[in-house]
>>> print(open('my_file-v2.cif').read())   # mmCIF, C-alpha atoms
data_protein
#
loop_
_atom_site.label_atom_id
_atom_site.label_comp_id
_atom_site.auth_asym_id
_atom_site.auth_seq_id
_atom_site.Cartn_x
_atom_site.Cartn_y
_atom_site.Cartn_z
CA MET A 277 8.72 19.60 -18.50
CA ASN A 278 9.76 20.40 -14.95
CA LEU A 279 8.21 18.20 -12.32
CA ASP A 280 7.73 19.17 -8.71
CA TRP A 281 8.61 15.79 -7.23
CA THR A 282 7.64 16.80 -3.71
CA LYS A 283 4.16 17.72 -4.92
CA GLU A 284 3.87 14.49 -6.95
CA LEU A 285 4.86 12.33 -3.97
CA THR A 286 2.69 14.26 -1.53
CA ASP A 287 -0.31 14.20 -3.89
CA GLN A 288 0.01 10.42 -4.31
CA LEU A 289 -0.20 9.85 -0.56
CA ASP A 290 -2.88 12.50 -0.05
CA PHE A 291 -5.13 10.99 -2.73
CA PHE A 292 -5.21 7.64 -0.98
CA TRP A 293 -5.51 9.20 2.48
CA GLN A 294 -8.25 11.72 1.74
CA ARG A 295 -10.30 10.04 -0.97
CA GLN A 296 -9.97 6.34 -0.27
CA PHE A 297 -8.84 5.64 3.30
CA LEU A 298 -10.44 8.25 5.58
CA PRO A 299 -13.92 7.88 4.09
CA ARG A 300 -13.73 4.14 4.81
CA LEU A 301 -12.94 4.83 8.49
CA GLU A 302 -16.17 6.76 9.12
CA GLY A 303 -18.31 5.11 11.77
CA LEU A 304 -15.52 2.89 13.16
CA THR A 305 -16.66 1.54 16.54
CA ASP A 306 -14.64 0.39 19.54
CA GLU A 307 -15.94 -3.16 19.12
CA GLU A 308 -14.87 -3.22 15.49
CA PHE A 309 -11.51 -1.57 16.29
CA LEU A 310 -10.61 -4.42 18.67
CA TRP A 311 -12.45 -7.25 16.85
CA GLU A 312 -10.46 -10.47 16.62
CA PRO A 313 -11.76 -12.47 13.67
CA VAL A 314 -9.57 -15.49 14.53
CA ASP A 315 -7.95 -16.86 17.66
CA GLY A 316 -4.45 -15.67 18.49
CA CYS A 317 -4.65 -12.20 16.92
CA TRP A 318 -2.04 -9.60 17.68
CA SER A 319 -3.72 -6.45 18.94
CA VAL A 320 -3.30 -3.50 21.28
CA ARG A 321 -4.15 -4.33 24.87
CA PRO A 322 -4.11 -2.64 28.28
CA ASP A 323 -0.81 -3.43 30.00
CA GLY A 324 -2.28 -3.55 33.52
CA GLU A 325 -0.32 -0.47 34.59
CA GLY A 326 -2.43 2.25 32.97
CA GLY A 327 -0.71 2.01 29.61
CA THR A 328 -1.10 -0.15 26.54
CA ARG A 329 0.88 -2.88 24.87
CA PHE A 330 1.37 -3.32 21.12
CA GLU A 331 1.82 -7.04 20.47
CA TRP A 332 4.80 -7.82 18.29
CA THR A 333 8.01 -9.81 18.29
CA TYR A 334 11.17 -9.78 16.21
CA PRO A 335 11.74 -11.79 14.26
CA GLU A 336 8.11 -12.30 13.43
CA PRO A 337 6.87 -15.88 13.51
CA VAL A 338 6.24 -17.44 10.12
CA PRO A 339 3.45 -16.94 9.34
CA PRO A 340 2.85 -13.96 11.59
CA PRO A 341 -0.37 -13.85 13.62
CA PHE A 342 -3.41 -12.16 12.13
CA THR A 343 -3.79 -8.58 13.36
CA THR A 344 -6.73 -6.42 14.45
CA ILE A 345 -7.72 -3.01 13.10
CA ALA A 346 -6.28 -1.55 16.33
CA TRP A 347 -2.93 -3.21 15.59
CA ARG A 348 -2.86 -2.09 11.96
CA ILE A 349 -3.82 1.50 12.76
CA SER A 350 -1.20 1.59 15.52
CA HIS A 351 1.40 0.23 13.12
CA ILE A 352 0.59 2.89 10.51
CA GLY A 353 0.60 5.61 13.18
CA ASP A 354 3.80 4.54 14.90
CA GLY A 355 6.24 2.49 12.86
CA VAL A 356 5.24 3.74 9.43
CA LEU A 357 4.52 7.47 9.98
CA GLY A 358 5.26 8.74 13.50
CA ALA A 359 8.69 7.23 14.08
CA ARG A 360 9.78 8.10 10.53
CA ALA A 361 8.67 11.72 11.00
CA ALA A 362 10.68 11.87 14.24
CA ASN A 363 13.74 10.23 12.70
CA HIS A 364 13.85 12.44 9.65
CA PHE A 365 12.12 15.70 10.53
CA GLY A 366 12.83 16.01 14.27
CA ASP A 367 9.23 16.73 15.19
CA GLY A 368 9.49 15.81 18.86
CA TYR A 369 7.66 12.48 18.50
CA ASP A 370 8.77 10.24 21.38
CA ARG A 371 8.26 6.59 20.52
CA GLU A 372 8.94 5.56 24.12
CA ALA A 373 6.04 7.74 25.29
CA VAL A 374 3.52 6.29 22.84
CA ARG A 375 0.30 5.08 24.41
CA TYR A 376 -1.16 2.86 21.75
CA PRO A 377 -4.87 3.48 21.19
CA ILE A 378 -7.45 1.05 22.52
CA THR A 379 -10.56 2.90 21.34
CA ALA A 380 -11.61 3.79 17.82
CA ARG A 381 -11.56 7.52 18.62
CA GLU A 382 -8.04 7.31 20.06
CA GLY A 383 -6.96 5.28 17.04
CA LEU A 384 -8.30 7.79 14.54
CA ASP A 385 -6.79 10.72 16.47
CA TYR A 386 -3.44 8.93 16.62
CA LEU A 387 -3.59 8.22 12.90
CA HIS A 388 -4.40 11.86 12.05
CA GLU A 389 -1.60 13.19 14.28
CA SER A 390 1.02 10.84 12.85
CA TYR A 391 -0.06 11.54 9.28
CA ALA A 392 0.12 15.30 9.88
CA LEU A 393 3.69 15.00 11.21
CA TRP A 394 4.89 12.93 8.23
CA HIS A 395 3.02 15.08 5.71
CA LYS A 396 4.38 18.32 7.14
CA GLY A 397 7.95 17.02 6.91
CA LEU A 398 7.41 15.64 3.44
CA THR A 399 6.32 19.02 2.12
CA THR A 400 9.66 20.54 3.17
CA LEU A 401 11.70 18.33 0.85
CA ASP A 402 13.12 19.62 -2.41
CA ASP A 403 14.68 17.62 -5.26
CA GLU A 404 18.09 17.68 -3.60
CA ALA A 405 16.71 16.38 -0.31
CA LEU A 406 14.79 13.63 -2.11
CA ALA A 407 17.99 12.50 -3.84
CA ARG A 408 20.17 12.28 -0.71
CA PRO A 409 20.58 9.03 1.24
CA CYS A 410 17.93 8.60 3.93
CA GLY A 411 20.63 7.90 6.53
CA PRO A 412 21.32 5.65 9.52
CA ALA A 413 17.78 5.80 10.94
CA GLU A 414 16.82 3.38 8.15
CA GLY A 415 19.40 0.76 9.14
CA PRO A 416 20.47 -1.45 6.24
CA TYR A 417 18.60 0.83 3.83
CA SER A 418 20.54 3.95 4.88
CA GLU A 419 22.07 4.47 1.43
CA TYR A 420 18.74 4.42 -0.35
CA SER A 421 17.47 7.82 -1.49
CA PHE A 422 14.94 9.73 0.57
CA ALA A 423 12.60 9.48 -2.43
CA THR A 424 12.81 5.68 -2.12
CA LEU A 425 11.87 5.98 1.56
CA VAL A 426 8.91 8.24 0.71
CA LEU A 427 7.68 5.73 -1.86
CA HIS A 428 8.09 2.92 0.69
CA ILE A 429 6.10 4.85 3.32
CA THR A 430 3.32 5.50 0.81
CA ARG A 431 3.28 1.82 -0.15
CA GLU A 432 3.06 0.84 3.53
CA VAL A 433 0.20 3.27 4.23
CA VAL A 434 -1.73 2.00 1.20
CA HIS A 435 -1.00 -1.65 2.04
CA HIS A 436 -2.02 -1.51 5.70
CA GLY A 437 -4.82 0.96 5.02
CA ALA A 438 -6.32 -1.47 2.50
CA GLU A 439 -6.08 -4.25 5.09
CA VAL A 440 -8.03 -2.09 7.55
CA CYS A 441 -10.70 -1.55 4.89
CA VAL A 442 -10.98 -5.29 4.20
CA LEU A 443 -11.31 -5.98 7.93
CA ARG A 444 -14.13 -3.43 8.06
CA ASP A 445 -15.85 -5.29 5.21
CA LEU A 446 -15.44 -8.62 7.00
CA TYR A 447 -16.71 -7.17 10.26
CA ARG A 448 -19.76 -5.66 8.56
CA ASP A 449 -20.60 -8.96 6.86
CA ARG A 450 -19.53 -11.35 9.66
CA THR A 451 -23.06 -12.55 10.40
CA ARG A 452 -23.98 -13.26 6.79
CA GLY A 453 -23.56 -16.98 6.51
CA ARG A 454 -23.53 -19.35 3.64
#
>>> encode(input="my_file-v2.cif", output="structure tokens")
Amino acid sequence: MNLDWTKELTDQLDFFWQRQFLPRLEGLTDEEFLWEPVDGCWSVRPDGEGGTRFEWTYPEPVPPPFTTIAWRISHIGDGVLGARAANHFGDGYDREAVRYPITAREGLDYLHESYALWHKGLTTLDDEALARPCGPAEGPYSEYSFATLVLHITREVVHHGAEVCVLRDLYRDRTRGR
């Protein structure tokens, strides 16, 4: 049996994106997008100069602060999908020019744009490209195969996407007390 690995990898990500994640984002409000369920959350905030600031430090504190839906969507859109698409497919994405979203509509648009860039690049890969090392853009993981990177990106999208969905559940049920 001959497998089309590009199709298998793309279908795996698409299934989560189209059938599980996007339907759960319907009706996302600005209040919910920026909701901070606990004190000290990392989020996306206006920077006072007309831009926005994505809160993050390296190394992360242990444990890291809890994060908002805005933070998680920005992370998926930038560090997981957008920057990787730029690094590996040369799509023109400029990480320095990113204005992190502070409304639900901006967040969803940003997510769709970043996903489209990664997805488009992913569909261009053949078996040979998937087997080659992913290269210096991935730092200490540069010798890992591109297929390993694709699997990692899918795992990250599913992981953070599921967190967004749980936060939506908590937001919806926040006033139901025991």
>>> resolve_selection(input="my_file-v2.cif", expression="the PyMOL selection byres ((chain A and resi 363) around 12)", output="number ranges by chain")
A: 354-362, 364-371, 393-394, 397, 410-415
>>> closest_residue(input="my_file-v2.cif", among="A:Gly437, A:Asn278, A:Val374, A:Thr286", to="Leu401 in chain A", atoms="only C-alpha atoms")
A:Thr286
>>> closest_residue(input="my_file-v2.cif", among="A:Trp347, A:Thr282, A:Glu336, A:Leu298", to="Arg321 in chain A", atoms="only C-alpha atoms")
A:Trp347
>>> atom_distance(input="my_file-v2.cif", atom1="CA of Gly383 in chain A", atom2="CA of Arg431 in chain A")
20.3 Å
>>> atom_distance(input="my_file-v2.cif", atom1="CA of Arg408 in chain A", atom2="CA of Glu372 in chain A")
28.1 Å
>>> residues_around(input="my_file-v2.cif", residues="Arg348 in chain A", least_positions_apart="4", cutoff="9 Å", atoms="only C-alpha atoms", output="PyMOL selection string")
chain A and resi 319+343-344+352-353+436-437+439-440
>>> closest_residue(input="my_file-v2.cif", among="A:Leu384, A:Leu406, A:Thr400, A:Leu425", to="Leu301 in chain A", atoms="all atoms listed in the file")
A:Leu384
>>> atom_distance(input="my_file-v2.cif", atom1="CA of Pro335 in chain A", atom2="CA of Glu312 in chain A")
22.4 Å
>>> residues_around(input="my_file-v2.cif", residues="Trp281 in chain A", least_positions_apart="3", cutoff="8 Å", atoms="only C-alpha atoms", output="PyMOL selection string")
chain A and resi 284-285+402-403
>>> resolve_selection(input="my_file-v2.cif", expression="the PyMOL selection byres ((chain A and resi 448) around 12)", output="JSON, numbers by chain")
{"A": [303, 304, 305, 307, 308, 311, 313, 441, 442, 443, 444, 445, 446, 447, 449, 450, 451, 452]}
>>> write_last_selection(input="my_file-v2.cif", atoms="C-alpha atoms", output="PDB file, in the coordinates of the input")
ATOM      1  CA  GLY A 303     -18.310   5.110  11.770  1.00  0.00           C
ATOM      2  CA  LEU A 304     -15.520   2.890  13.160  1.00  0.00           C
ATOM      3  CA  THR A 305     -16.660   1.540  16.540  1.00  0.00           C
ATOM      4  CA  GLU A 307     -15.940  -3.160  19.120  1.00  0.00           C
ATOM      5  CA  GLU A 308     -14.870  -3.220  15.490  1.00  0.00           C
ATOM      6  CA  TRP A 311     -12.450  -7.250  16.850  1.00  0.00           C
ATOM      7  CA  PRO A 313     -11.760 -12.470  13.670  1.00  0.00           C
ATOM      8  CA  CYS A 441     -10.700  -1.550   4.890  1.00  0.00           C
ATOM      9  CA  VAL A 442     -10.980  -5.290   4.200  1.00  0.00           C
ATOM     10  CA  LEU A 443     -11.310  -5.980   7.930  1.00  0.00           C
ATOM     11  CA  ARG A 444     -14.130  -3.430   8.060  1.00  0.00           C
ATOM     12  CA  ASP A 445     -15.850  -5.290   5.210  1.00  0.00           C
ATOM     13  CA  LEU A 446     -15.440  -8.620   7.000  1.00  0.00           C
ATOM     14  CA  TYR A 447     -16.710  -7.170  10.260  1.00  0.00           C
ATOM     15  CA  ASP A 449     -20.600  -8.960   6.860  1.00  0.00           C
ATOM     16  CA  ARG A 450     -19.530 -11.350   9.660  1.00  0.00           C
ATOM     17  CA  THR A 451     -23.060 -12.550  10.400  1.00  0.00           C
ATOM     18  CA  ARG A 452     -23.980 -13.260   6.790  1.00  0.00           C
TER      19      ARG A 452
END
>>> residues_around(input="my_file-v2.cif", residues="Gln288 in chain A", least_positions_apart="6", cutoff="12 Å", atoms="only C-alpha atoms", output="MDAnalysis selection string")
chainID A and resid 281:282 294:296 395 398 426:427 429:431 433:434
>>> build_atoms(input="my_file-v2.cif", residues="range 287-298 of chain A", atoms="N, CA and C atoms", output="tab-separated table (two decimals), in the frame of the given file")
chain	number	residue	atom	x	y	z
A	287	ASP	N	1.02	14.40	-3.30
A	287	ASP	CA	-0.31	14.20	-3.89
A	287	ASP	C	-0.69	12.72	-3.95
A	288	GLN	N	0.28	11.86	-4.24
A	288	GLN	CA	0.01	10.42	-4.31
A	288	GLN	C	-0.50	9.91	-2.96
A	289	LEU	N	0.20	10.28	-1.90
A	289	LEU	CA	-0.20	9.85	-0.56
A	289	LEU	C	-1.52	10.49	-0.16
A	290	ASP	N	-1.65	11.79	-0.41
A	290	ASP	CA	-2.88	12.50	-0.05
A	290	ASP	C	-4.12	11.93	-0.74
A	291	PHE	N	-3.98	11.54	-2.00
A	291	PHE	CA	-5.13	10.99	-2.73
A	291	PHE	C	-5.66	9.76	-2.02
A	292	PHE	N	-4.77	8.83	-1.69
A	292	PHE	CA	-5.21	7.64	-0.98
A	292	PHE	C	-5.81	8.02	0.37
A	293	TRP	N	-5.10	8.85	1.12
A	293	TRP	CA	-5.51	9.20	2.48
A	293	TRP	C	-6.87	9.87	2.51
A	294	GLN	N	-7.03	10.90	1.70
A	294	GLN	CA	-8.25	11.72	1.74
A	294	GLN	C	-9.44	11.11	1.01
A	295	ARG	N	-9.19	10.46	-0.12
A	295	ARG	CA	-10.30	10.04	-0.97
A	295	ARG	C	-10.64	8.57	-0.84
A	296	GLN	N	-9.69	7.76	-0.35
A	296	GLN	CA	-9.97	6.34	-0.27
A	296	GLN	C	-9.97	5.82	1.17
A	297	PHE	N	-8.99	6.21	1.97
A	297	PHE	CA	-8.84	5.64	3.30
A	297	PHE	C	-9.75	6.29	4.34
A	298	LEU	N	-9.64	7.60	4.54
A	298	LEU	CA	-10.44	8.25	5.58
A	298	LEU	C	-11.94	8.04	5.42
